[in-house]
Amino acid sequence: MSSLQVRLSSSAPDSLWGSKAPVSFDKQTATIHLSGADKDQTRSIRKAARVLDGMGIEQVQLAGTWSLDQQWAFAGSFTTAKKQNHIQWAEDANQDKLAKMYQALLFTRNLVNRTPEDIYPQSLASEVVNWLSELAPGHISAKTLVGEELKEAGWTGIYNVGRGSERPPVLLELDYNPTGQADEPVAAALVGKGITFDSGGYSIKVSEGMLTMKCDMGGAATVSGALGLAILQGLNKRVKLFLCCAENLISGHAYKLGDILTYKNGLTVEIVNTDAEGRLVLADGLLAAGETGAPLTINAATLTGAAVMALGGEYHALFGLDKDTQVRMQQFAEQEMEPVWPLPLDVWHQEMCPSPYADTANSRPMKGGGAGGASNAAGFLSRFVANGGKGWVHMDLAGAFNNTATSTMPAGATGMGIRTIARALLDA
């Protein structure tokens with residue numbers, strides 16, 4: 001199959017195509033017409049890529065002068081769940097970098113897009129271990145706690161959220177240690193929400209709200225894809241990855257509203273909403289991350305609808321008690337062309353889910369957790385981080401998944417966030 005050449009131009013399209021046409025054509029060449037600032041140009045490229053995909057174009061060759069970020073923008077928007085590896089990069093020094101970035105993007109997207117019948121807690125953990133082991137043979141070790149082992153070890157959040165399913169919950173602890181030294185300090189810890197399907201439990205979702213819930217392990221996929229990208233980019237520091245994996249289903253053995261969980265740090269949590277399960281499993285992961293002594297901890301999760309309501313689907317929400325670390329992460333995101341936006345988080349947000357029976361509830365007993373739901377969820381998580389939150393950032397992945405294609409992105413997982421987190425690991 002022949003490839004369509006795609007070029008960039010700062011000139012306006014011929015009047016034949018209309019003065020505002022994002023793309024024009026000449027034989028076997030498509031020209032994307034750019035104007036405005038760099039960010040506007042990137043958006044124009046994404047829109048043009050969606051136009052080309054919508055026309056049924058299968059193969060493209062990026063020709064002429066493209067920056068790395070311009071090529072990346074085109075690739076992310078032209079690539080779909082059904083059409084991958086159909087792009088030839090421009091002939092410049094960025095080809096190797098782009099190939100590595102694209103590999104990590106496809107791993108992340110494909111993991112999220114697969115069905116919940118294929119990706120369940122144990123298979124999610126296995127897929128991540130296998131891929132990272134291929135990237136860094138000899139430098140990866142991993143252990144899993146499964147099912148009743150979680151209860152015995154005290155990982156109450158993951159155990160209780162996942163105990164209603166016939167497929168047991170899993171905590172994966174993966175250690176990337178390129179030094180080979182057992183006493184090498186851990187430079188960073190990553191924690192990912194790995195809810196492979198979320199029915200809402202007894203706080204059951206409506207059907208249309210449940211349709212996309214294969215994506216609720218997007219946090220686990222994002223931190224895993226980011227670690228893989230950092231490894232491909234030469235990461236030489238020790239990093240530990242914790243994936244908190246469970247299916248949130250209804251059964252006679254499922255956890256219930258009114259239950260009280262006691263975490264390893266002694267904190268008691270009343271369950272007022274079984275659909276606020278992500279924070280329950282992440283609490284275990286954050287406690288485990290704190291045990292590593294890592295000066296940097298990043299957790300990622302498709303955690304709240306409130307973040308989507310606040311920011312839409314093109315930004316991730318960013319939280320931190322340590323404002324210096326939060327600002328640094330925002331700078332990394334800007335440099336990597338991945339939009340994030342800080343939302344409020346203070347220590348007093350820990351008080352926003354009160355309980356008369358336990359130290360805290362896992363939410364507020366109202367739709368969406370009430371006003372400020374994303375910040376309240378972040379406040380809940382902050383109860384479980386080490387050192388008063390120093391060096392910790394929480395990413396609520398509002399832009400992780402699109403159920404239908406948009407003007408700039410295809411349907412399915414976006415993979416947005418892997419570049420930012422990889423950059424943070426390389427800088428740690």
# chains A, B, ... in the order shown; residues from 1 in each chain; ligands from 1
>>> residues_around(residues="A:Leu426", least_positions_apart="6", cutoff="9 Å", atoms="only C-alpha atoms", output="PDB file with N, CA and C atoms, in the first residue's frame")
ATOM      1  N   ALA A 230      10.841   5.710  30.224  1.00  0.00           N
ATOM      2  CA  ALA A 230      12.061   6.197  30.876  1.00  0.00           C
ATOM      3  C   ALA A 230      13.203   5.197  30.704  1.00  0.00           C
ATOM      4  N   ILE A 231      12.891   3.904  30.793  1.00  0.00           N
ATOM      5  CA  ILE A 231      13.919   2.873  30.577  1.00  0.00           C
ATOM      6  C   ILE A 231      14.460   2.970  29.143  1.00  0.00           C
ATOM      7  N   GLN A 233      14.599   5.511  27.400  1.00  0.00           N
ATOM      8  CA  GLN A 233      15.340   6.762  27.287  1.00  0.00           C
ATOM      9  C   GLN A 233      16.609   6.784  28.130  1.00  0.00           C
ATOM     10  N   GLY A 234      16.948   5.631  28.756  1.00  0.00           N
ATOM     11  CA  GLY A 234      18.228   5.526  29.451  1.00  0.00           C
ATOM     12  C   GLY A 234      18.179   5.697  30.954  1.00  0.00           C
ATOM     13  N   LEU A 235      17.045   5.475  31.587  1.00  0.00           N
ATOM     14  CA  LEU A 235      16.922   5.629  33.040  1.00  0.00           C
ATOM     15  C   LEU A 235      17.947   4.754  33.757  1.00  0.00           C
ATOM     16  N   ASN A 236      18.761   5.379  34.615  1.00  0.00           N
ATOM     17  CA  ASN A 236      19.801   4.636  35.331  1.00  0.00           C
ATOM     18  C   ASN A 236      19.613   4.679  36.845  1.00  0.00           C
ATOM     19  N   LYS A 237      18.386   4.974  37.292  1.00  0.00           N
ATOM     20  CA  LYS A 237      18.093   5.053  38.719  1.00  0.00           C
ATOM     21  C   LYS A 237      17.098   3.963  39.105  1.00  0.00           C
TER      22      LYS A 237
END
>>> select_by_dssp(residues="stretch 111-201 of chain A", states="helix (DSSP H, G or I)", output="number ranges by chain")
A: 111-113, 121-135, 148-153, 156-162
>>> closest_residue(among="A:Gly388, A:Gly218, A:Gly293, A:Gly369", to="A:Phe107", atoms="only C-alpha atoms")
A:Gly218
>>> closest_residue(among="A:Leu232, A:Thr262, A:Met217, A:Cys244", to="A:Asp96", atoms="only C-alpha atoms")
A:Leu232
>>> residues_around(residues="stretch 5-17 of chain A", least_positions_apart="4", cutoff="12 Å", atoms="only C-alpha atoms", output="PyMOL selection string")
chain A and resi 21-38+41-42+44-45+48-49+52+57-67+70-71+74-75+78+87-90
>>> atom_distance(atom1="atom CA of A:Gly192", atom2="atom CA of A:Thr297")
10.9 Å
>>> residues_around(residues="A:Val239", least_positions_apart="2", cutoff="12 Å", atoms="only C-alpha atoms", output="VMD selection string")
chain A and resid 139 to 142 173 to 179 184 to 191 223 to 224 226 to 228 230 to 231 235 to 237 241 to 242 289 292 to 298 422 424 to 426 428
>>> closest_residue(among="A:Gly258, A:Gly285, A:Gly194, A:Gly372", to="A:Pro121", atoms="only C-alpha atoms")
A:Gly194
>>> atom_distance(atom1="atom CA of A:Gly147", atom2="atom CA of A:Ser133")
24.1 Å
